[in-house]
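> The structure follows.
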2 protein chains.
Amino acid sequence: MSLLRSWIESANAPEGDFPLNNLPYGVFDDGRGARCGVAIGDLVLDLGAMEAMSMLPAAGFQGSALNAFMEAGPGVWFRVRNTLTGLLSEGAGAQDQMRDPLYRRDAVAMRLPFRVTEYTDFYAGRHHATNVGTMFRGADKALPENWLSLPIGYNGRASSVVVSGTPVTRPWGQVKGEGFDLPVFQPSHRFDFELELGAVVGRPSSGMISVADADEMIFGYVLLNDWSARDIQAWEYQPLGPFQSKAAATTISPWIVTRSALEPFRAKTPTRDRPLLPYLRETKPGLYDIDLEVKLATQDGAERTVTRTNYREMYYSAAQQLAHHASSGCPMRVGDLLGSGTISGADSDSRGSMLELSWGGKEPLDFDGQARTFLEDGDTVTFNGHTKGRGHRVGFGDCTGTVRPAVPLPDWAKEETT
Amino acid sequence: MSLLRSWIESANAPEGDFPLNNLPYGVFDDGRGARCGVAIGDLVLDLGAMEAMSMLPAAGFQGSALNAFMEAGPGVWFRVRNTLTGLLSEGAGAQDQMRDPLYRRDAVAMRLPFRVTEYTDFYAGRHHATNVGTMFRGADKALPENWLSLPIGYNGRASSVVVSGTPVTRPWGQVKGEGFDLPVFQPSHRFDFELELGAVVGRPSSGMISVADADEMIFGYVLLNDWSARDIQAWEYQPLGPFQSKAAATTISPWIVTRSALEPFRAKTPTRDRPLLPYLRETKPGLYDIDLEVKLATQDGAERTVTRTNYREMYYSAAQQLAHHASSGCPMRVGDLLGSGTISGADSDSRGSMLELSWGGKEPLDFDGQARTFLEDGDTVTFNGHTKGRGHRVGFGDCTGTVRPAVPLPDWAKEETT
């Protein structure tokens, strides 16, 4: 697919994330309140204002979240995208009327793009599951027995989801040191990022759904950092899974890149080692060819790209995850967010977490002469990702967060000294 | 505490769940739409109407869920309870004005009392955890290593929560039979109930909270049936916990019994085998003396009480669970629902699930000559519970659900036959 040229010149830059081909939706605030918008080049177009001027079909853009637009359904999504494409194309007529509702992106703050109804995180990257399994259970039984049959998932905490740029505070939690009988309550010493893609559910379901129908329910995708406290997780996760280790924060990128924008970049899930049950079978390629990278910057100013990988590395697609999620009859709702699971590649520099990059802390990364294992206070982790078209790309913008020190322990949580 | 007498005679019956001492909140529908109400004896009082007539302080009762009332905060909860107690007391003056907003409870349908923001389920009953652990891991290591240090919990699915009376459909899911290499997709053969109490969070938090503060955040309690597909759970739960096995449905009783109503019935958590970390320590008794029972009725009309137990059997209180939930900084919100975990007693007839009652299916219950292990289609499971005061009780009403057969398998989910 080629670049669609826009009269907004910055949208035609070959290395820009937001050409006319993209048109991702978000919520911005210029100081006068949060409003729905669409990114185009260096600008953001106020969709509430456009709707109020009747330059767009009525589509639910008057609020401060995209949920109402998603609720309006695929017919409206299609008409709005078509209308915007027309209005923003090179040579379009209504340019004068659009000066007021256009803002510079670098002059506005981005908010959470939608109210997260429920958040589910998966474990669907084979390299990640193999790496983690090898570290904890040995190479022979790295993959759990069920891994090749179903996309393993667990429910996360929707209240933990924050927009890119929000500082993330190192969590306190119960940790039990090796060789100790009892746990202590302390700030996590093994705080980590996880590189993921988040799928945003735009249509509800009640009852079982096919993978094809599940795919149609996905409104779009965001980058997602599933911050993880490995030491808290190690102590708490048996037998019912991760809980407080994943609850401090989950950062998402501010722009939802729609399924429509990603459509030309579909990629197949890998060959199956084991046939999937029919309810998980795909009728079209379920992944996307999205290059991803993770940058780590310290508070001293050192910065390094620590990971380069691609969303094609996943074993299960978001549509398969959603079909599995609904297989028990579990109702799915507009605004549900599904984390892909950590996206690691096969190579040591394509691993999507510090846990894997430092091999459980045993092989520190060299960072300007500093040995680094997990995240330190003041570290900033930034994800970005994009597909590559001819002469353009469809990108996600940044998903970033800086680690703040743990809060001081309140007096009531201190050990009594006698 | 003695019975508070009401001019509504049915509220003075010693065996009734809803005396003036109780005043539980719910949402009812007489065919003209769902409205907030309070139960008193055999009647329900329309709180929206009472508020509109200015017979109550403004308290958020105009909607069809109790969330706005909970958002209004403890000052408003206190004033409304005081006002209602006055209006409904024996000898109160305004009886004539209250004829219109009073409805017979048996003539109205009950709806979900509040929008469930997020749902978390715990595993905080020692007898239950010991029973399950003994079955799966042997008596020597029945309790997981972390169990005596923290209230183990996992995030459940808020969209699965339904009100008492809603039929529950047997879920499909992946199940792997013993001795088989691969799983099959089939209706659960080991569908079960779990007897729990649900705590309803009425105040938000951001950051760590003490157990004392957590207690103040709890608006009230409901009975909760955490329907569980044991065979789906056995295959899916490693390493990240239960997922689709718990997602088909979670039934709650329609009336939220407030913390205020339960206050006279507080009971201590048990002596600790291992000291708790300071952030989990209690400053007052955290449990309640609530007698609980489970009745099982078959579609042939046979009925039996299968379990009698008490909420005092729990090791961790809801306030401790909530404090632990927030310990990582995880934001808690109004409308969050926390399941206590299965409430089993020490004796074989006080176990809170069929898994335990039938000891993993190996010791079937005798049921009118039928051997029963897990739930069959057409079975109705009914929980009830109450505290015992002098000459009265404070009860929850029923929490009930009937198991419907699994839905037919859609064609796209069938194995291709060649």
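If you're wondering about the labels, chains in the structure tokens are A, B, ... by order shown, residues count from 1 in each chain, ligands from 1 in order shown.
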I need the chain B residues near chain A as a ChimeraX atom specification; criterion: at most 6 Å, counting only C-alpha atoms.
/B:154-155,159,171-173,240-241,243-244,247-248,278-279,328-331,413,415
> So that I can check the surroundings of Ser358 (chain B), please list as a list of chain:residue names every protein, DNA and RNA residue that reaches within 6 Å of it, counting only C-alpha atoms and ignoring chain neighbours fewer than 5 positions away.
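In the requested format, the answer is B:Glu363, B:Pro364, B:Thr373.
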> Go ahead and dump the residues you just picked, N, CA, C and O atoms, as a short mmCIF file (atom, residue, chain, number, x, y, z; two decimals), in the first residue's frame.

```
data_model
loop_
_atom_site.label_atom_id
_atom_site.label_comp_id
_atom_site.auth_asym_id
_atom_site.auth_seq_id
_atom_site.Cartn_x
_atom_site.Cartn_y
_atom_site.Cartn_z
N GLU B 363 -16.31 -39.54 46.39
CA GLU B 363 -17.25 -39.95 47.44
C GLU B 363 -18.59 -39.29 47.19
O GLU B 363 -18.94 -38.29 47.81
N PRO B 364 -19.37 -39.86 46.25
CA PRO B 364 -20.63 -39.22 45.86
C PRO B 364 -21.56 -39.03 47.05
O PRO B 364 -21.56 -39.82 47.99
N THR B 373 -22.16 -36.28 42.38
CA THR B 373 -20.83 -35.71 42.60
C THR B 373 -20.86 -34.21 42.28
O THR B 373 -20.93 -33.38 43.17
#
```
> Please provide as a PyMOL selection string all residues within 10 Å of Val44 (chain B), with the sequence filter that same-chain residues fewer than 3 positions apart are discarded (counting only C-alpha atoms).
chain B and resi 18+23-28+36-41+47+101-108
> Could you pull out the strand (DSSP E or B) residues of region 106-254 of chain A, going by DSSP on the backbone, and write them as a PyMOL selection string?
chain A and resi 109-111+119-122+125+153-155+161-163+168-169+172-175+184-187+191-192+194-201+205+218-225+228-229+250-252
> Contacts of Ser340 (chain A) at 12 Å or less, counting only C-alpha atoms, minus same-chain residues fewer than 3 places along, as a PyMOL selection string?
chain A and resi 119-126+128+151-154+194-200+221-226+287+311-322+337+343-344+352
> Can you pull out the residues contacting Phe69 (chain B)? Cut-off 7 Å, using only C-alpha atoms, and skip same-chain residues under 3 positions away; I want them as a ChimeraX atom specification.
/B:59-61,66,72
> Keeping only all heavy atoms, write the selected residues to a file as a compact mmCIF listing (two decimals), in the first residue's frame.

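Writing the result to part16.txt gives the following:
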```
# COMPACT_ATOMS: atom_id res chain seq x y z
N ALA B 59 -29.54 11.52 47.85
CA ALA B 59 -28.58 10.44 48.12
C ALA B 59 -28.23 9.63 46.89
O ALA B 59 -27.57 8.61 46.99
CB ALA B 59 -29.14 9.53 49.21
N GLY B 60 -28.65 10.08 45.70
CA GLY B 60 -28.27 9.35 44.48
C GLY B 60 -29.16 8.17 44.16
O GLY B 60 -28.71 7.23 43.51
N PHE B 61 -30.43 8.22 44.57
CA PHE B 61 -31.33 7.08 44.36
C PHE B 61 -32.13 7.16 43.06
O PHE B 61 -33.03 6.35 42.86
CB PHE B 61 -32.30 6.94 45.54
CG PHE B 61 -31.66 6.42 46.80
CD1 PHE B 61 -31.88 7.06 48.02
CD2 PHE B 61 -30.86 5.28 46.77
CE1 PHE B 61 -31.31 6.57 49.19
CE2 PHE B 61 -30.28 4.79 47.94
CZ PHE B 61 -30.52 5.44 49.15
N LEU B 66 -27.09 1.10 42.59
CA LEU B 66 -26.74 1.74 43.86
C LEU B 66 -25.39 2.46 43.83
O LEU B 66 -24.96 3.02 44.84
CB LEU B 66 -26.77 0.71 44.99
CG LEU B 66 -28.18 0.25 45.37
CD1 LEU B 66 -28.13 -1.05 46.16
CD2 LEU B 66 -28.90 1.34 46.16
N ALA B 72 -21.84 8.63 47.09
CA ALA B 72 -22.20 9.77 47.95
C ALA B 72 -21.45 9.73 49.29
O ALA B 72 -21.28 10.76 49.93
CB ALA B 72 -23.71 9.81 48.17
```
> Give me the residues within 8 Å of Arg190 (chain A) as a PyMOL selection string, counting only C-alpha atoms and dropping any in the same chain fewer than 6 places off.
chain A and resi 229-231+374-375
